[in-house]
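The structure appears below as structure tokens.
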Amino acid sequence: VLASQQCCYSGLGFVVDGFHLNIFSTFPFQPVLLSLRRGQASVSYAQSLLGAPETQLTALDNGLRVASEDTGHATCTVGLWIGAGSRYENERNNGTGFFLEHMAFKGTKKHTQTALEQQVESMGAHLSAYTSREHTAYYMKTLAKDLPKAVELLSEVVQSCSLNEAEIEQQRGVVLRELEEVESNLQEVCLDLLHATAYQGTPLGQSVMGPSSTARNLTRQDLVEYINIHYKAPRMVLAAAGGVNHEELVGLAKSHMSGVSFEYEGDVVPVLSPCRFTGSDIRMRDDALPLAHVAIAVEGASASSPDIVPLMVANAVIGSYDLTYGGGKVSNDGIVSLLHSSTPHLLAAWRFWDAVENFRVATNLFFPPLMQHLSSRLARIAVEDKLCHSFQAFSSSYSDTGLLGIYFVSDKHHIDDMMHWSQNAWMNLCTTVTESDVARGRNALKASLVGQLNGTTPICDEIGRHVLNYGRRVPLAEWNARIDAVTPSVLRDVCSKYIYDKCPAVVGVGPIEQLTDYNRIRSAMYWLRF
């Protein structure tokens, strides 16, 4: 602990005049002050990463992988992550994986739906599932002592789902209602359309939920065929995090899942077809809607590409903004006055950051309600000129491709200006990004990566996805080293590779009369430089 009016920076931990401050973030980069305790020694960010528990990985004889991280908690999350999703479907059965997710907890050959629910409730557990374009997950959060029962129930759900005809008919109606409801979520609609135009004619262009025609016509045989083709041991990961003993988990996997098949009928192993990216646009004009939802994206890096980290830093530099964050123009004098009136400790911290020319990072950390994300140039312009209600830079990575884009919500009078400044932000990344921008992006990305792993469920989810994508859990220390390796030069080179003079995919939904013509949008993907 330092003397009065001094402060030191140690990753995401600060010691300011005897106080210890831990600062973390959750997506999309919204820092939260979690603790303020007197007299506690500061642990550096690097030390905390190196002290993280190791993820252990074991493969069974049938190819199923078992991965776990023992955090010592009294609770745990355990689940099965499967390499199957809408990308593995075709036009005829698109939506089968999503439909099957709804059937998963409607009873097994051993337990009726009521008995299954009673088993879960008696454990005080929470059972859930999700389906994405390349992954399907079934997982349960429960007390660590109930891990054996949780693995048993999950193995039943995946291996012996009853698929009762009456339940299929009931869930058919549920899925159809969900399809109707999702139409009112314009962000979901916009991003689904973005995939549809960017990957048109390929399986990645299909939505996870599929069309209503599939939900109406799916049969029990379709569901059985989907399971037999895709639910194979080499494409499964049994992941767990919390109070979990790895050897015990491996033993449970051998007891309950060693019978999962690893053979394909006729030895025909499904292979993903390449998904080409197409620069194009889709426009759904509806002047009755109050706001326009617009997305623009280029082809990004795949999940395993070394370019993924520089592009994540690039998105952190662009940042995000929402009208509810507040913020606006604030002068240095005004901040000093505010800090002084609030607490001299924060004033000392601000003076330190100002001395190292990192004022914007400091204000973003200490005052999220007042100046959230205004260190982002695009956010400051959006606020000062009232260009949008919200925007966010996003990245979707798949096994062999990805989307890198910006999504924003604006009134009908500012669409053109917001599109201009969004593309301008991209061009700045490719040409004039500064060291201070990159430093801010690195810090925000590190905070986000740590903040997302708050609890056993997100850790378990990351383990499952990482083992499917990379064959291992990538430790935070490795992510940290790769983030630190991103310099302005590296960022400019990687962004130029993926963004500069590339054909984008564009989607607009709502009152989009002012949405710029595609040819003009394309011409703004480069600058005439001398």
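Residue numbering restarts at 1 for every chain of the structure tokens, chains are lettered A, B, ... in their displayed order, and ligands are numbered from 1 as they appear.
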Find the residues near segment 302-311 of chain A: any atom within 9 Å, counting only C-alpha atoms, skip ones fewer than 5 places away on the same chain, and give them as a PyMOL selection string.
chain A and resi 316+395-404+469-470+479+482-483+485-487+490-491+494-495+498
Write a file of the just-selected residues containing N, CA, C and O atoms, as a compact mmCIF listing (two decimals), in the first residue's frame.
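For reference, again.txt as written:
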# COMPACT_ATOMS: atom_id res chain seq x y z
N ALA A 316 -12.44 -3.55 -29.91
CA ALA A 316 -12.39 -2.85 -28.62
C ALA A 316 -12.06 -1.38 -28.81
O ALA A 316 -12.54 -0.52 -28.05
N SER A 395 -17.97 -9.32 -33.60
CA SER A 395 -17.21 -10.30 -34.35
C SER A 395 -17.82 -11.67 -34.12
O SER A 395 -18.05 -12.05 -32.96
N SER A 396 -18.09 -12.40 -35.19
CA SER A 396 -18.58 -13.77 -35.10
C SER A 396 -17.58 -14.66 -35.80
O SER A 396 -17.34 -14.50 -37.00
N SER A 397 -16.98 -15.58 -35.06
CA SER A 397 -15.93 -16.43 -35.62
C SER A 397 -16.43 -17.87 -35.74
O SER A 397 -17.02 -18.41 -34.81
N TYR A 398 -16.16 -18.48 -36.88
CA TYR A 398 -16.52 -19.86 -37.14
C TYR A 398 -15.26 -20.66 -37.46
O TYR A 398 -14.15 -20.12 -37.43
N SER A 399 -15.41 -21.93 -37.77
CA SER A 399 -14.25 -22.79 -37.92
C SER A 399 -13.35 -22.39 -39.08
O SER A 399 -12.14 -22.63 -39.03
N ASP A 400 -13.90 -21.77 -40.12
CA ASP A 400 -13.08 -21.43 -41.28
C ASP A 400 -13.34 -20.02 -41.82
O ASP A 400 -12.79 -19.65 -42.86
N THR A 401 -14.15 -19.25 -41.14
CA THR A 401 -14.46 -17.89 -41.60
C THR A 401 -15.01 -17.09 -40.43
O THR A 401 -15.02 -17.55 -39.29
N GLY A 402 -15.47 -15.89 -40.69
CA GLY A 402 -16.03 -15.07 -39.62
C GLY A 402 -16.64 -13.80 -40.17
O GLY A 402 -16.50 -13.47 -41.36
N LEU A 403 -17.33 -13.07 -39.32
CA LEU A 403 -17.89 -11.77 -39.66
C LEU A 403 -17.32 -10.73 -38.71
O LEU A 403 -17.28 -10.94 -37.50
N LEU A 404 -16.88 -9.61 -39.27
CA LEU A 404 -16.38 -8.49 -38.49
C LEU A 404 -17.22 -7.28 -38.88
O LEU A 404 -17.23 -6.88 -40.05
N ASN A 469 -13.15 -26.01 -30.72
CA ASN A 469 -12.52 -25.15 -31.74
C ASN A 469 -11.03 -25.38 -31.88
O ASN A 469 -10.49 -25.40 -32.99
N TYR A 470 -10.34 -25.50 -30.73
CA TYR A 470 -8.87 -25.53 -30.74
C TYR A 470 -8.27 -26.86 -30.30
O TYR A 470 -7.05 -27.05 -30.41
N TRP A 479 -3.89 -15.69 -23.86
CA TRP A 479 -4.65 -14.59 -24.48
C TRP A 479 -3.99 -13.25 -24.15
O TRP A 479 -3.85 -12.38 -25.02
N ARG A 482 -0.91 -12.66 -26.23
CA ARG A 482 -1.25 -12.37 -27.62
C ARG A 482 -1.84 -10.96 -27.76
O ARG A 482 -1.61 -10.28 -28.77
N ILE A 483 -2.58 -10.53 -26.75
CA ILE A 483 -3.12 -9.17 -26.78
C ILE A 483 -1.98 -8.15 -26.65
O ILE A 483 -1.95 -7.14 -27.36
N ALA A 485 0.93 -8.43 -27.67
CA ALA A 485 1.73 -8.43 -28.89
C ALA A 485 1.13 -7.57 -29.99
O ALA A 485 1.76 -7.35 -31.03
N VAL A 486 -0.09 -7.06 -29.78
CA VAL A 486 -0.75 -6.23 -30.80
C VAL A 486 -0.24 -4.79 -30.68
O VAL A 486 -0.47 -4.12 -29.68
N THR A 487 0.46 -4.34 -31.69
CA THR A 487 0.97 -2.98 -31.76
C THR A 487 0.19 -2.20 -32.81
O THR A 487 -0.55 -2.81 -33.61
N VAL A 490 0.89 -3.72 -36.19
CA VAL A 490 0.22 -5.01 -36.40
C VAL A 490 -1.27 -4.78 -36.66
O VAL A 490 -1.86 -5.40 -37.57
N LEU A 491 -1.88 -3.90 -35.88
CA LEU A 491 -3.31 -3.63 -36.03
C LEU A 491 -3.61 -3.05 -37.40
O LEU A 491 -4.58 -3.47 -38.06
N VAL A 494 -3.28 -5.95 -40.06
CA VAL A 494 -4.36 -6.94 -40.02
C VAL A 494 -5.68 -6.33 -40.46
O VAL A 494 -6.43 -6.94 -41.23
N CYS A 495 -5.98 -5.10 -40.02
CA CYS A 495 -7.23 -4.44 -40.44
C CYS A 495 -7.21 -4.16 -41.94
O CYS A 495 -8.26 -4.27 -42.61
N TYR A 498 -8.24 -7.34 -43.79
CA TYR A 498 -9.63 -7.78 -43.72
C TYR A 498 -10.65 -6.70 -44.09
O TYR A 498 -11.77 -7.04 -44.49
Tell me, which residues of segment 128-288 of chain A carry DSSP helix (DSSP H, G or I), written as a PyMOL selection string?
chain A and resi 144-159+165-182+186-198+203-205+212-217+220-230+233-235+246-257+265-267
Taking only C-alpha atoms into account, which of A:Asp493, A:Glu299, A:Glu513, A:Glu265 comes nearest His414 of chain A?
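Of A:Asp493, A:Glu299, A:Glu513, A:Glu265, the one nearest His414 of chain A, counting only C-alpha atoms, is A:Glu513.
Take the candidates A:Ala241, A:Ile282, A:Val189, A:Leu50 and check each one against Tyr139 of chain A using only C-alpha atoms; the shortest distance goes to A:Ala241.
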Fewer than 3 positions away in the same chain doesn't count, so skip those; otherwise give me all residues within 6 Å of segment 63-73 of chain A, counting only C-alpha atoms, as a PyMOL selection string.
chain A and resi 55-60+233-234+236-244
Would you pick out the contacts of Ala166 of chain A at 12 Å or less, using only C-alpha atoms, so that residues sharing its chain but fewer than 2 positions from it are not included, and give the list as a PyMOL selection string?
chain A and resi 103+106-107+162-164+168-173+219-220
Go ahead and write the residues just picked, N, CA and C atoms, as a PDB file, in the first residue's frame.
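The resulting file, result23.pdb, is reproduced below:
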ATOM      1  N   MET A 103     -36.760 -30.590 -27.390  1.00  0.00           N
ATOM      2  CA  MET A 103     -37.217 -31.925 -27.000  1.00  0.00           C
ATOM      3  C   MET A 103     -36.343 -32.550 -25.917  1.00  0.00           C
ATOM      4  N   LYS A 106     -37.804 -33.197 -22.339  1.00  0.00           N
ATOM      5  CA  LYS A 106     -39.196 -33.656 -22.306  1.00  0.00           C
ATOM      6  C   LYS A 106     -39.317 -35.138 -21.979  1.00  0.00           C
ATOM      7  N   GLY A 107     -38.279 -35.678 -21.378  1.00  0.00           N
ATOM      8  CA  GLY A 107     -38.314 -37.074 -20.959  1.00  0.00           C
ATOM      9  C   GLY A 107     -37.286 -37.917 -21.691  1.00  0.00           C
ATOM     10  N   SER A 162     -36.564 -39.456 -25.304  1.00  0.00           N
ATOM     11  CA  SER A 162     -37.709 -40.301 -25.675  1.00  0.00           C
ATOM     12  C   SER A 162     -38.319 -39.916 -27.018  1.00  0.00           C
ATOM     13  N   LEU A 163     -38.322 -38.631 -27.351  1.00  0.00           N
ATOM     14  CA  LEU A 163     -38.895 -38.139 -28.621  1.00  0.00           C
ATOM     15  C   LEU A 163     -40.325 -38.654 -28.807  1.00  0.00           C
ATOM     16  N   ASN A 164     -41.125 -38.445 -27.774  1.00  0.00           N
ATOM     17  CA  ASN A 164     -42.521 -38.871 -27.799  1.00  0.00           C
ATOM     18  C   ASN A 164     -43.298 -38.066 -28.834  1.00  0.00           C
ATOM     19  N   ILE A 168     -43.630 -34.041 -29.418  1.00  0.00           N
ATOM     20  CA  ILE A 168     -43.177 -33.399 -30.663  1.00  0.00           C
ATOM     21  C   ILE A 168     -44.236 -32.427 -31.161  1.00  0.00           C
ATOM     22  N   GLU A 169     -45.482 -32.844 -31.129  1.00  0.00           N
ATOM     23  CA  GLU A 169     -46.568 -31.970 -31.584  1.00  0.00           C
ATOM     24  C   GLU A 169     -46.708 -30.743 -30.691  1.00  0.00           C
ATOM     25  N   GLN A 170     -46.548 -30.954 -29.380  1.00  0.00           N
ATOM     26  CA  GLN A 170     -46.651 -29.823 -28.456  1.00  0.00           C
ATOM     27  C   GLN A 170     -45.511 -28.833 -28.698  1.00  0.00           C
ATOM     28  N   GLN A 171     -44.292 -29.341 -28.853  1.00  0.00           N
ATOM     29  CA  GLN A 171     -43.137 -28.456 -29.061  1.00  0.00           C
ATOM     30  C   GLN A 171     -43.168 -27.807 -30.438  1.00  0.00           C
ATOM     31  N   ARG A 172     -43.848 -28.420 -31.375  1.00  0.00           N
ATOM     32  CA  ARG A 172     -44.006 -27.806 -32.690  1.00  0.00           C
ATOM     33  C   ARG A 172     -44.700 -26.453 -32.556  1.00  0.00           C
ATOM     34  N   GLY A 173     -45.745 -26.424 -31.735  1.00  0.00           N
ATOM     35  CA  GLY A 173     -46.442 -25.163 -31.501  1.00  0.00           C
ATOM     36  C   GLY A 173     -45.579 -24.155 -30.762  1.00  0.00           C
ATOM     37  N   THR A 219     -40.502 -34.594 -38.602  1.00  0.00           N
ATOM     38  CA  THR A 219     -41.048 -35.824 -38.035  1.00  0.00           C
ATOM     39  C   THR A 219     -40.075 -36.402 -37.010  1.00  0.00           C
ATOM     40  N   ARG A 220     -40.558 -37.382 -36.285  1.00  0.00           N
ATOM     41  CA  ARG A 220     -39.695 -38.046 -35.306  1.00  0.00           C
ATOM     42  C   ARG A 220     -38.497 -38.677 -35.997  1.00  0.00           C
TER      43      ARG A 220
END
For Thr202 of chain A, list every protein, DNA or RNA residue within 10 Å, evaluated using only C-alpha atoms, and leave out those in the same chain fewer than 5 positions away; present the list as a ChimeraX atom specification.
/A:87,90-91,195-197,273-277
Could you tell me how far atom CA of Leu449 of chain A sits from atom CA of His293 of chain A, in Å to one decimal place?
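That distance, rounded to one decimal, is 27.4 Å.
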With distances taken over only C-alpha atoms, which of A:Met312, A:Leu218, A:Val298, A:Val182 is nearest to Glu165 of chain A?
A:Leu218
Minimum-distance residue to Lys145 of chain A, chosen among A:Met257, A:Glu181, A:Thr75, A:Ala425 (using only C-alpha atoms)
A:Thr75
Between atom CA of Leu223 of chain A and atom CA of Glu134 of chain A, distance in Å (one decimal)
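Value for the atom CA of Leu223 of chain A-atom CA of Glu134 of chain A distance: 17.4 Å.
Note that atom CA of Val78 of chain A and atom CA of Ala150 of chain A are 7.4 Å apart.
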Please identify all polymer residues within 8 Å of Ala295 of chain A, counting only C-alpha atoms, omitting same-chain residues fewer than 6 positions from it, and present them as a list of chain:residue names.
A:Cys190, A:Leu191, A:Leu194, A:Gly405, A:Ile406, A:Tyr407, A:Phe408, A:Val506, A:Val507, A:Gly508
Please list as a PyMOL selection string every residue within 12 Å of segment 387-389 of chain A, counting only C-alpha atoms and excluding residues in the same chain fewer than 6 positions away.
chain A and resi 290-294+320-326+378-381+407-422
